[in-house]
Amino acid sequence: MPFLTSVFGNAASRTHSFGFAAEGAVGEARQRVGDLIGAAAEEIVWTSGATEADNLAIRGAAEFHAARGRHIVTSQIEHKAVLDTCKYLEGQGYRVTYVPVDTDGRIHPEAVRESIAPDTILISIMLANNEIGVLQPVVEIGRIAREKGVLFHVDAVQGAGKIPFNVALANADLVSLSAHKMYGPKGVGALYVRNRPRARIAPLMFGGGHERGLRSGTLPVPLIVGFGKACEVSRREMPAESERVGQLRDRLKQRLFESIDAIRVNGSLAHRLPGNLNVTFSQIEAEALMMSMKDIAVSSGSACTSASLEPSYVLRACGVDEESAYGAIRFGIGRFNTEPEIDFAARAVSQAVSRLRDLRRSSETL
Amino acid sequence: MPEPIYLDHSATTPVRPEVLGAMLPFFGPRFGNPSSTHRWGREARVALDEARERLARALGATADEVCFTSGGTEADNLAVLGAWRALRDGRPAVVSTPIEHKAVLAAVERVEAEGGIARLVDVDAQARVDPAAFAAALGDDSALGSVMWVNNEVGVIQDIAALGAAAREHGALFHTDGVQALGKVAIDVRALPVDYLSVSGHKVGAPKGIGALFIRRGAPIMPLMHGGSQDRGRRPGTENVAMAVGFARAVELAVAEREAECARLEALRDHLEQALLARIPDAVVHGRGAPRAAHVLNISVPGTDSESMLMALDLQGVACSAGSACQSGSIDPSHVLSAMRVPHELAVASIRMSLGAMSTEAHVARVAELFPALIAKARRLSGLSTR
C-alpha cells in the first residue's frame with residue numbers, strides 16, 4: 001500500500017527524495033527475488049510478467065548471438081510464451097529443435113545433448129510444466145549446456161518458490177520468473193541474466209535505458225515490492241509448505257482413486273510439483289466436468305490456452321491419446337487450500353464423474 | 001524540515017484514493033486469471049472487459065481498440081515498431097521529431113537498425129512541429145508518422161489534427177504519444193486523424209505498471225511479444241486486472257475533472273512563473289511562446305546548473321527534475337532543449353517544475369520565495385569559485 005500512495009516516487013527520478021525512496025525499495029526487492037534463486041540483486045531484470053521474460057530471454061539471445069548461430073533447442077511441452085516465440089524465430093530464419101518427452105512427461109538430457117549442433121546458441125527448458133507439474137532435469141541439462149558452451153534459459157515460472165532452484169547449481173544463464181504464480185501480483189515478472197560469465201542478450205523494448213538497457217520503462221514499484229515480498233515468504237515457507245501441499249495433493253489423489261474407477265494420473269508422480277495433480281477420467285470430457293462443478297475451480301490445462309478447443313499439446317506430447325487428453329483435469333493446490341476443501345473437492349468430483357458417466361451410458365443405450 | 005513539496009507530477013503521480021479503492025478487491029478476493037474458465041476467472045474477465053470498455057469510452061474509442069500494456073514505453077514501442085514492422089515492405093520509412101520521449105526515439109532508432117529509414121523533423125525554438133515540414137518529410141515511402149501530443153519536458157502542445165491530416169494525405173498512419181496529454185488536453189480519437197495513441201496510468205493517478213495503446217480498428221500491428229492469445233494476440237501475457245481496473249477509473253476521473261483541474265493548475269503555474277520571472281529577470285521559460293499544457297514550467301537561470309539547484313531544492317524538501325525521469329541519470333543537456341536550440345549555458349541550467357493533484361497555493365507561494373533565494377546563493381557561490 002505505501003508504494004501506491006505515500007512512497008509513490010519514480011525509481012528513475014535521481015533528483016529528489018521521492019525517487020530515492022522508490023529506488024531503495026526496488027533495490028531491496030531485487031535482492032529478495034535474487035535470494036530466492038541464488039542470484040545477485042543486479043542480475044535481476046524486471047519485466048511485465050513471465051511472457052515478457054520468456055520473450056526477452058529467447059528473442060534477446062537469438063538476436064544477440066545470430067552471427068554465431070541460428071539454432072535453438074527447446075522441448076515440445078514448453079509454455080506458449082516459449083513455443084510461440086520459437087515459432088516466430090523460425091519465421092525469421094532460425095532453426096528450432098523441439099525435444100520430445102517420455103510418457104512421464106520428462107525430457108531426457110541425452111536427447112538435448114544429441115540435438116545440439118555447432119550453431120546452437122540457446123537451450124530453453126522449463127523447470128516445471130504448467131499443466132502436469134512434471135519437473136525437468138534442469139541440473140543435468142545445464143551441465144550439458146555449459147559443457148557445450150550454449151546459453152541455458154530456464155522458464156522457472158511454475159517451479160520457483162515451490163521447489164528449491166539455484167541458478168548456480170543449474171548452470172542457468174537466463175531464468176524467467178513471474179510474481180502471480182507465487183502469491184505476488186499480476187503485471188510483474190523478472191528475467192535473471194547471469195553476470196559471470198555474462199549472458200548477453202538484446203532488449204525487446206527500447207527507451208530510457210532502464211534495467212541496464214535491457215528493459216526500458218518506468219518500474220512498477222508497488223508490484224516489484226510485492227514480488228519481492230512474495231519471494232521472501234516463499235523462500236521461508238518452502239520446506240514446510242511443499243510438505244503440506246504435497247500431502248494435500250496425495251490425499252486428493254487417494255480420495256479420487258478410492259471413489260472413481262478408470263482414472264489415471266498424467267505425468268510422473270515422482271518428479272512433480274507438490275501442488276499439481278493432473279488426471280484423466282475415461283469417458284469424461286473435462287469441459288463438461290468443470291461445468292458441472294460450479295464451486296470448484298480447476299482447469300483443463302493452461303489458462304493461457306483456455307480459449308483453444310484443441311486438446312492439450314502437453315498431454316499429446318506425453319503420448320496421451322486425443323480422447324484422454326480431452327478428459328484431463330488439472331488440480332492446482334496452493335497455500336490457501338485445506339484438508340476439508342480437498343475432501344469436499346474429491347467428493348464433488350467423484351459425484352460429477354459418476355453422474356456424467358451415467359448420462360453417457362443412458363444416451364448410448366438409447 | 002518543512003512539508004515536502006512535490007513538483008514532479010510529469011515524472012509520476014501518487015495513486016488516487018478512488019483508484020486504490022477500485023483496485024484493492026483484485027489484489028485480494030477477486031484475484032482470478034481472466035483466461036481461466038472457472039468462476040474466479042470469469043469474474044476477472046468481466047472486470048477486465050469493463051475496464052477496457054470504460055477506458056475506451058473516456059478516449060472516444062471502442063473497447064476492441066484498446067490494448068492494455070505494461071506502460072507508456074511498451075505502448076510507444078508497440079505503436080512504432082508494431083506498425084512499421086507490419087507495413088515495412090511497401091513503406092520503409094518512419095517520420096518523427098527530435099523532441100519525442102526516449103521510448104519513441106529509441107524505437108525509431110530500432111527501425112533503422114532493422115533496415116528501415118528514420119527521419120526526424122526539426123522543431124522551432126518553441127518546440128513546435130510545422131505540419132508542412134512534417135508532410136514533406138513523410139514523402140510517399142512512410143509507414144508511420146509519430147509526434148507526441150504534449151512534450152514531457154516543456155509542456156508544448158502540438159497541432160495533432162494538422163499533423164495527423166498530413167500523415168493521412170501521404171498515405172501514412174499516425175501515432176501520437178499521449179502520455180503527457182491525458183487529462184491535460186481534450187482527447188477524442190473519433191474526431192482526430194490518429195491511428196495509434198499511447199497513454200500511461202501513473203501520470204494520472206493510476207499505478208505504475210499499466211498503460212494502453214489505442215489502435216484504430218483496422219490499423220495494422222505486429223505484436224512485440226509472442227505466446228498466449230490474450231488481447232487477440234496483440235499483447236500476450238496474463239492481464240494485469242487490478243491495474244487495468246484502476247487505470248480505467250483514473251482516466252474517467254481525469255477526463256471528467258480536466259477543465260476545472262487544468263484551470264486550477266494553470267493559475268498556479270502562471271502565478272509561479274510570473275513570480276519567478278519578476279524576481280529573476282534574466283530567467284528563461286522554455287516553450288513559453290507556444291501553446292503549453294497547464295501544469296509544466298521549465299525554467300533556466302543563466303550561471304546556475306540543474307544538478308546543484310535540484311540538490312539544493314531537494315534539501316529544502318522540494319522535488320523537481322531537470323527533464324525526463326527516464327534520463328535523469330544522464331549528465332547531457334536535454335535532447336528537447338537542444339532541439340529547440342537553447343544555448344548550452346541555459347540548457348544545463350534547466351529545472352522542470354510540474355504541478356498536479358498535490359500542488360497547492362501554499363506550495364507555489366513557498367517555491368516562489370525559495371527558488372529565487374537558492375538561485376541567488378548559487379550565483380554567489382559560482383561567482384566566488386570563478387574568482
# chains A, B, ... in the order shown; residues from 1 in each chain; ligands from 1
>>> closest_atom_pairs(of="chain A", to="chain B", cutoff="8 Å", atoms="only C-alpha atoms", output="tab-separated table")
residue	atom	partner	partner_atom	distance
A:Leu4	CA	B:Val15	CA	5.5
A:Thr5	CA	B:Pro14	CA	5.1
A:Ser6	CA	B:Pro14	CA	6.9
A:Val7	CA	B:Pro14	CA	8.0
A:Phe8	CA	B:Pro14	CA	5.2
A:Gly9	CA	B:Thr12	CA	6.5
A:Asn10	CA	B:Thr12	CA	5.9
A:Ala12	CA	B:Ala325	CA	5.4
A:Ser13	CA	B:Ala325	CA	4.7
A:Arg14	CA	B:Ser328	CA	5.7
A:Thr15	CA	B:Ser321	CA	5.8
A:His16	CA	B:Ala319	CA	5.2
A:Ser17	CA	B:Asp314	CA	6.8
A:Phe18	CA	B:Ala319	CA	7.4
A:Ser48	CA	B:Ser70	CA	5.9
A:Gly49	CA	B:Gly237	CA	7.0
A:Ala50	CA	B:Gly237	CA	7.2
A:Thr51	CA	B:Gly237	CA	5.1
A:Glu52	CA	B:Met225	CA	6.7
A:Asn55	CA	B:Met225	CA	6.1
A:His79	CA	B:Gly227	CA	7.8
A:Lys80	CA	B:Gly227	CA	4.6
A:Ala81	CA	B:Gly227	CA	3.6
A:Val82	CA	B:Gly227	CA	6.8
A:Leu83	CA	B:Gly227	CA	7.1
A:Asp84	CA	B:Gly227	CA	4.9
A:Thr85	CA	B:His226	CA	5.2
A:Tyr88	CA	B:His226	CA	7.6
A:Pro185	CA	B:Phe27	CA	6.8
A:Lys186	CA	B:Asn240	CA	5.1
A:Gly187	CA	B:Asn240	CA	4.8
A:Val188	CA	B:Gly209	CA	7.9
A:Leu204	CA	B:Leu224	CA	7.5
A:Met205	CA	B:Asn77	CA	6.4
A:Phe206	CA	B:Ala106	CA	5.3
A:Gly207	CA	B:Ala103	CA	3.6
A:Gly208	CA	B:Cys326	CA	4.9
A:Gly209	CA	B:Cys326	CA	7.7
A:His210	CA	B:Cys326	CA	7.5
A:Ser216	CA	B:Thr73	CA	6.8
A:Gly217	CA	B:Thr73	CA	5.1
A:Thr218	CA	B:Lys208	CA	7.0
A:Leu219	CA	B:Lys208	CA	6.7
A:Pro220	CA	B:Lys208	CA	4.4
A:Val221	CA	B:Lys208	CA	6.8
A:Pro222	CA	B:Lys208	CA	7.6
A:Leu223	CA	B:Gly209	CA	7.6
A:Met290	CA	B:His38	CA	7.7
A:Lys294	CA	B:Arg39	CA	7.3
A:Asp295	CA	B:Arg39	CA	8.0
A:Ile296	CA	B:His38	CA	7.9
A:Ala297	CA	B:His38	CA	5.4
A:Val298	CA	B:His38	CA	7.0
A:Ser299	CA	B:Thr37	CA	7.1
A:Ala303	CA	B:Ser36	CA	4.8
A:Cys304	CA	B:Gly228	CA	5.1
A:Thr305	CA	B:Gly228	CA	6.2
A:Ser306	CA	B:Ser35	CA	6.4
A:Ala307	CA	B:Ser35	CA	7.4
>>> residues_around(residues="segment 157-170 of chain A", least_positions_apart="3", cutoff="6 Å", atoms="only C-alpha atoms", output="PyMOL selection string")
chain A and resi 37-38+127-128+130+138-139+142+177-178+234
>>> residues_around(residues="Cys67 of chain B", least_positions_apart="3", cutoff="9 Å", atoms="only C-alpha atoms", output="mmCIF file with C-alpha atoms, in the first residue's frame")
data_model
loop_
_atom_site.group_PDB
_atom_site.id
_atom_site.type_symbol
_atom_site.label_atom_id
_atom_site.label_comp_id
_atom_site.auth_asym_id
_atom_site.auth_seq_id
_atom_site.Cartn_x
_atom_site.Cartn_y
_atom_site.Cartn_z
ATOM 1 C CA ARG B 52 -11.411 -1.810 -21.347
ATOM 2 C CA ALA B 63 -13.343 -1.464 -26.465
ATOM 3 C CA ASP B 64 -11.720 -3.534 -29.210
ATOM 4 C CA ALA B 75 2.691 1.338 -25.801
ATOM 5 C CA GLY B 211 -0.636 1.707 -19.913
ATOM 6 C CA ALA B 212 -2.580 1.293 -23.088
ATOM 7 C CA LEU B 213 -2.360 1.754 -26.801
ATOM 8 C CA PHE B 214 -5.380 2.872 -28.753
ATOM 9 C CA ILE B 215 -5.245 1.017 -32.072
ATOM 10 C CA ASP B 231 -5.907 -9.382 -26.282
ATOM 11 C CA ARG B 234 -1.802 -8.270 -29.910
ATOM 12 C CA ARG B 235 -0.427 -8.467 -26.411
#
>>> residues_around(residues="Phe331 of chain A", least_positions_apart="5", cutoff="9 Å", atoms="only C-alpha atoms", output="PyMOL selection string")
chain A and resi 249+275-279+297-300
>>> residues_around(residues="segment 258-264 of chain A", least_positions_apart="5", cutoff="7 Å", atoms="only C-alpha atoms", output="list in words")
Val279, Thr280, Phe281, Ser282 and Ser350 of chain A
>>> residues_around(residues="Ala62 of chain A", least_positions_apart="5", cutoff="8 Å", atoms="only C-alpha atoms", output="PyMOL selection string")
chain A and resi 70+121-122+201
>>> write_last_selection(atoms="N, CA and C atoms", output="CSV table (one decimal), in the first residue's frame")
chain,number,residue,atom,x,y,z
A,70,ARG,N,22.2,-19.9,-35.5
A,70,ARG,CA,20.7,-19.7,-35.5
A,70,ARG,C,19.9,-20.9,-35.2
A,121,ILE,N,22.8,-21.9,-30.2
A,121,ILE,CA,23.1,-20.8,-29.4
A,121,ILE,C,22.3,-20.8,-28.1
A,122,LEU,N,21.2,-21.5,-28.0
A,122,LEU,CA,20.4,-21.4,-26.8
A,122,LEU,C,19.6,-22.8,-26.6
A,201,ILE,N,22.3,-10.6,-24.1
A,201,ILE,CA,21.0,-10.6,-24.8
A,201,ILE,C,20.7,-9.2,-25.4
